[in-house]
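Read the structure below first, then the notes.
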Amino acid sequence: MKISLIVAVGLNNQIGLNGKLPWYSKEDLAYFREKTMNHMVVMGRKTFEGLPKKLDGRKIIVLSRTQKNIDDVLIASSIQEVIDIAKQGNESELFIAGGESVYRQFIEVADKIYLSKINYNGPSDTFFPKMDETKWEKAQENKFCDGSWINYVKKTDDGLF
Ligand SMILES: NC(=O)c1ccc[n+]([C@@H]2O[C@H](COP(=O)([O-])OP(=O)(O)OC[C@H]3O[C@@H](n4cnc5c(N)ncnc54)[C@H](OP(=O)(O)O)[C@@H]3O)[C@@H](O)[C@H]2O)c1
C-alpha cells in the first residue's frame with residue numbers, strides 16, 4: 001500500500017487559519033476531489049471539524065484520542081490503527097489529508113506528496129513541515145490559475161552502493 005500526503009500550501013508553507021483553509025481555490029478543491037476519489041482519506045479531528053461539507057465517495061478515517069463515535073466515519077486512535085484499517089480495506093493508495101499534526105507524523109513513512117502551491121502570502125496558524133530535500137524529488141509540476149500542482153516522490157536508495 002502506497003501512503004500519499006495531499007496538501008495545499010501557501011508561499012511560506014501556510015496551511016490553515018482558525019481551523020479552516022486560509023484561501024478559497026475552486027480548482028484546487030476539484031483537484032483534491034479527483035485525486036482522493038474512491039480512496040481512504042485520513043485526517044486529524046480538528047481538520048474534520050473544519051470541513052465545510054461531507055466528502056462523498058471516500059471513506060474517511062479521523063484520528064482522535066477524544067472521540068469514539070462520529071457518524072459516517074471511522075475513528076482511529078493511533079497511526080498504527082490507521083494503517084491496520086487501510087490494509088484490512090485493501091487500500092492501494094492511502095491519502096493523508098492533514099492537518100499539521102497529522103502531516104508531521106506521516107511525512108517520514110509517506111511515499112508521495114501531492115502538493116498544491118497556492119499563490120497566498122497571508123497569515124496562518126498551522127504549517128506544513130519542512131521537506132528534507134535529500135529525501136524527496138520533484139516528479140511533476142503543472143501550473144493552474146491559483147498556483148502549481150507539484151508531485152514529489154520519495155527518493156530510493158538505488159545507486160548509492
Ligand atoms: N492546506 C491544507 O491542505 C490543509 C489540509 C488539512 C488541514 N488543514 C488545516 O490544518 C489545520 C488543523 O491542523 P492541526 O494540526 O491544528 O489539527 P489536526 O491535525 O487536523 O487535528 C489534530 C487532532 O488530531 C488528533 N490526532 C492527531 N494525531 C493523533 C494520533 N497519533 N492519534 C490519535 N489522534 C491524533 C487529535 O485529536 P483529539 O484532540 O480528538 O485527540 C488532535 O487534537 C486547520 O486550519 C485545517 O484547515 C489544511
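Letters A, B, ... mark the chains of the C-alpha cells in the order given; residue numbers begin at 1 per chain; ligand numbers begin at 1, in order shown.
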
Which residues are close to A:Val62, i.e. within 8 Å by only C-alpha atoms, leaving aside same-chain residues fewer than 3 positions away? Reply as a PyMOL selection string. chain A and resi 42-45+48+73-76

Could you find all residues in stretch 44-137 of chain A that DSSP calls alpha helix (DSSP H) from the backbone, and write them as a ChimeraX atom specification? /A:45-49,79-88,100-106

Selected residues written out, N, CA, C and O atoms, as a PDB file, in the first residue's frame:
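Result file is out20.pdb:
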```pdb
ATOM      1  N   ARG A  45      -8.727  15.164  13.902  1.00  0.00           N
ATOM      2  CA  ARG A  45     -10.060  15.556  14.369  1.00  0.00           C
ATOM      3  C   ARG A  45     -10.343  17.040  14.094  1.00  0.00           C
ATOM      4  O   ARG A  45     -11.449  17.411  13.712  1.00  0.00           O
ATOM      5  N   LYS A  46      -9.345  17.904  14.239  1.00  0.00           N
ATOM      6  CA  LYS A  46      -9.587  19.343  14.039  1.00  0.00           C
ATOM      7  C   LYS A  46      -9.889  19.649  12.570  1.00  0.00           C
ATOM      8  O   LYS A  46     -10.761  20.453  12.266  1.00  0.00           O
ATOM      9  N   THR A  47      -9.151  19.013  11.672  1.00  0.00           N
ATOM     10  CA  THR A  47      -9.415  19.209  10.236  1.00  0.00           C
ATOM     11  C   THR A  47     -10.815  18.722   9.891  1.00  0.00           C
ATOM     12  O   THR A  47     -11.566  19.395   9.174  1.00  0.00           O
ATOM     13  N   PHE A  48     -11.190  17.556  10.428  1.00  0.00           N
ATOM     14  CA  PHE A  48     -12.527  17.017  10.154  1.00  0.00           C
ATOM     15  C   PHE A  48     -13.601  18.011  10.603  1.00  0.00           C
ATOM     16  O   PHE A  48     -14.563  18.273   9.883  1.00  0.00           O
ATOM     17  N   GLU A  49     -13.407  18.580  11.801  1.00  0.00           N
ATOM     18  CA  GLU A  49     -14.431  19.507  12.329  1.00  0.00           C
ATOM     19  C   GLU A  49     -14.513  20.789  11.500  1.00  0.00           C
ATOM     20  O   GLU A  49     -15.530  21.471  11.510  1.00  0.00           O
ATOM     21  N   ILE A  79      -1.662   5.974  14.839  1.00  0.00           N
ATOM     22  CA  ILE A  79      -1.198   5.816  13.454  1.00  0.00           C
ATOM     23  C   ILE A  79      -1.280   4.343  13.052  1.00  0.00           C
ATOM     24  O   ILE A  79      -1.698   4.014  11.940  1.00  0.00           O
ATOM     25  N   GLN A  80      -0.873   3.457  13.967  1.00  0.00           N
ATOM     26  CA  GLN A  80      -0.902   2.027  13.643  1.00  0.00           C
ATOM     27  C   GLN A  80      -2.313   1.572  13.309  1.00  0.00           C
ATOM     28  O   GLN A  80      -2.522   0.785  12.385  1.00  0.00           O
ATOM     29  N   GLU A  81      -3.289   2.100  14.052  1.00  0.00           N
ATOM     30  CA  GLU A  81      -4.679   1.709  13.783  1.00  0.00           C
ATOM     31  C   GLU A  81      -5.113   2.187  12.398  1.00  0.00           C
ATOM     32  O   GLU A  81      -5.830   1.473  11.683  1.00  0.00           O
ATOM     33  N   VAL A  82      -4.658   3.371  11.994  1.00  0.00           N
ATOM     34  CA  VAL A  82      -4.957   3.867  10.635  1.00  0.00           C
ATOM     35  C   VAL A  82      -4.432   2.880   9.595  1.00  0.00           C
ATOM     36  O   VAL A  82      -5.139   2.478   8.663  1.00  0.00           O
ATOM     37  N   ILE A  83      -3.171   2.481   9.760  1.00  0.00           N
ATOM     38  CA  ILE A  83      -2.537   1.572   8.784  1.00  0.00           C
ATOM     39  C   ILE A  83      -3.295   0.238   8.754  1.00  0.00           C
ATOM     40  O   ILE A  83      -3.563  -0.313   7.682  1.00  0.00           O
ATOM     41  N   ASP A  84      -3.655  -0.270   9.934  1.00  0.00           N
ATOM     42  CA  ASP A  84      -4.367  -1.554  10.004  1.00  0.00           C
ATOM     43  C   ASP A  84      -5.715  -1.470   9.288  1.00  0.00           C
ATOM     44  O   ASP A  84      -6.075  -2.367   8.524  1.00  0.00           O
ATOM     45  N   ILE A  85      -6.456  -0.380   9.515  1.00  0.00           N
ATOM     46  CA  ILE A  85      -7.771  -0.215   8.872  1.00  0.00           C
ATOM     47  C   ILE A  85      -7.606  -0.186   7.354  1.00  0.00           C
ATOM     48  O   ILE A  85      -8.330  -0.842   6.612  1.00  0.00           O
ATOM     49  N   ALA A  86      -6.624   0.570   6.889  1.00  0.00           N
ATOM     50  CA  ALA A  86      -6.435   0.718   5.441  1.00  0.00           C
ATOM     51  C   ALA A  86      -6.019  -0.609   4.806  1.00  0.00           C
ATOM     52  O   ALA A  86      -6.507  -0.978   3.734  1.00  0.00           O
ATOM     53  N   LYS A  87      -5.131  -1.338   5.486  1.00  0.00           N
ATOM     54  CA  LYS A  87      -4.696  -2.631   4.930  1.00  0.00           C
ATOM     55  C   LYS A  87      -5.858  -3.620   4.905  1.00  0.00           C
ATOM     56  O   LYS A  87      -6.046  -4.347   3.923  1.00  0.00           O
ATOM     57  N   GLN A  88      -6.652  -3.622   5.980  1.00  0.00           N
ATOM     58  CA  GLN A  88      -7.825  -4.523   6.007  1.00  0.00           C
ATOM     59  C   GLN A  88      -8.805  -4.178   4.893  1.00  0.00           C
ATOM     60  O   GLN A  88      -9.504  -5.037   4.382  1.00  0.00           O
ATOM     61  N   GLU A 100      -1.719  19.904  10.328  1.00  0.00           N
ATOM     62  CA  GLU A 100      -0.282  19.977  10.606  1.00  0.00           C
ATOM     63  C   GLU A 100       0.194  18.795  11.438  1.00  0.00           C
ATOM     64  O   GLU A 100       1.193  18.147  11.103  1.00  0.00           O
ATOM     65  N   SER A 101      -0.508  18.484  12.520  1.00  0.00           N
ATOM     66  CA  SER A 101      -0.026  17.431  13.428  1.00  0.00           C
ATOM     67  C   SER A 101       0.014  16.085  12.704  1.00  0.00           C
ATOM     68  O   SER A 101       0.903  15.266  12.938  1.00  0.00           O
ATOM     69  N   VAL A 102      -0.939  15.872  11.822  1.00  0.00           N
ATOM     70  CA  VAL A 102      -1.019  14.582  11.116  1.00  0.00           C
ATOM     71  C   VAL A 102       0.044  14.501  10.019  1.00  0.00           C
ATOM     72  O   VAL A 102       0.710  13.471   9.850  1.00  0.00           O
ATOM     73  N   TYR A 103       0.256  15.598   9.295  1.00  0.00           N
ATOM     74  CA  TYR A 103       1.333  15.599   8.296  1.00  0.00           C
ATOM     75  C   TYR A 103       2.678  15.316   8.974  1.00  0.00           C
ATOM     76  O   TYR A 103       3.496  14.564   8.447  1.00  0.00           O
ATOM     77  N   ARG A 104       2.914  15.933  10.119  1.00  0.00           N
ATOM     78  CA  ARG A 104       4.202  15.734  10.808  1.00  0.00           C
ATOM     79  C   ARG A 104       4.445  14.267  11.146  1.00  0.00           C
ATOM     80  O   ARG A 104       5.562  13.769  11.076  1.00  0.00           O
ATOM     81  N   GLN A 105       3.375  13.570  11.521  1.00  0.00           N
ATOM     82  CA  GLN A 105       3.533  12.173  11.923  1.00  0.00           C
ATOM     83  C   GLN A 105       3.684  11.229  10.729  1.00  0.00           C
ATOM     84  O   GLN A 105       4.284  10.174  10.847  1.00  0.00           O
ATOM     85  N   PHE A 106       3.117  11.606   9.575  1.00  0.00           N
ATOM     86  CA  PHE A 106       3.129  10.686   8.435  1.00  0.00           C
ATOM     87  C   PHE A 106       4.232  10.968   7.419  1.00  0.00           C
ATOM     88  O   PHE A 106       4.500  10.123   6.569  1.00  0.00           O
TER      89      PHE A 106
END
```

Which protein, DNA or RNA residues have an atom within 6 Å of ligand 1, counting only C-alpha atoms and all ligand atoms, as an MDAnalysis selection string? chainID A and resid 7:9 15:21 43:47 63:67 77:79 97:102 126

Strand (DSSP E) per DSSP on the backbone: members of stretch 50-119 of chain A, as a ChimeraX atom specification: /A:59-63,74-76,93-96,112-118

Counting only C-alpha atoms, the residue among A:Ile96, A:Cys145, A:Leu51, A:Ile107 that lies closest to A:Pro129 is A:Ile107

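The nearest approach to A:Leu11 among the residues A:Tyr24, A:Phe32, A:Phe95, A:Phe127, with only C-alpha atoms taken into account, belongs to A:Phe127.
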
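Taking only C-alpha atoms into account, A:Asn12 lies nearest to A:Ser124 out of the set A:Ser124, A:Asn90, A:Asn38, A:Asn69.
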
Between A:Lys117, A:Lys155, A:Arg58, A:Lys130, which is the closest to A:Lys143 once you count only C-alpha atoms? A:Lys117

Atom CA of A:Glu93 to atom CA of A:Ile61, distance in Å rounded to a single decimal: 13.6 Å

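With atom CA of A:Ile118 on one side and atom CA of A:Ile6 on the other, the separation reads 13.3 Å.
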
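With distances restricted to only C-alpha atoms, A:Gly89 is the closest residue to A:Met1 from A:Gly89, A:Gly147, A:Gly122, A:Gly50.
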
At a cut-off of 7 Å, using only C-alpha atoms, what residues contact A:Asn151? Leave out same-chain residues fewer than 2 positions from it and give the result as a VMD selection string. chain A and resid 113 to 115 138 to 141 149 153

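Non-sequential neighbours of A:Lys59 (distance at most 7 Å, separation of 4 or more positions within a chain, only C-alpha atoms) are His39, Met40, Val41 and Val73 of chain A.
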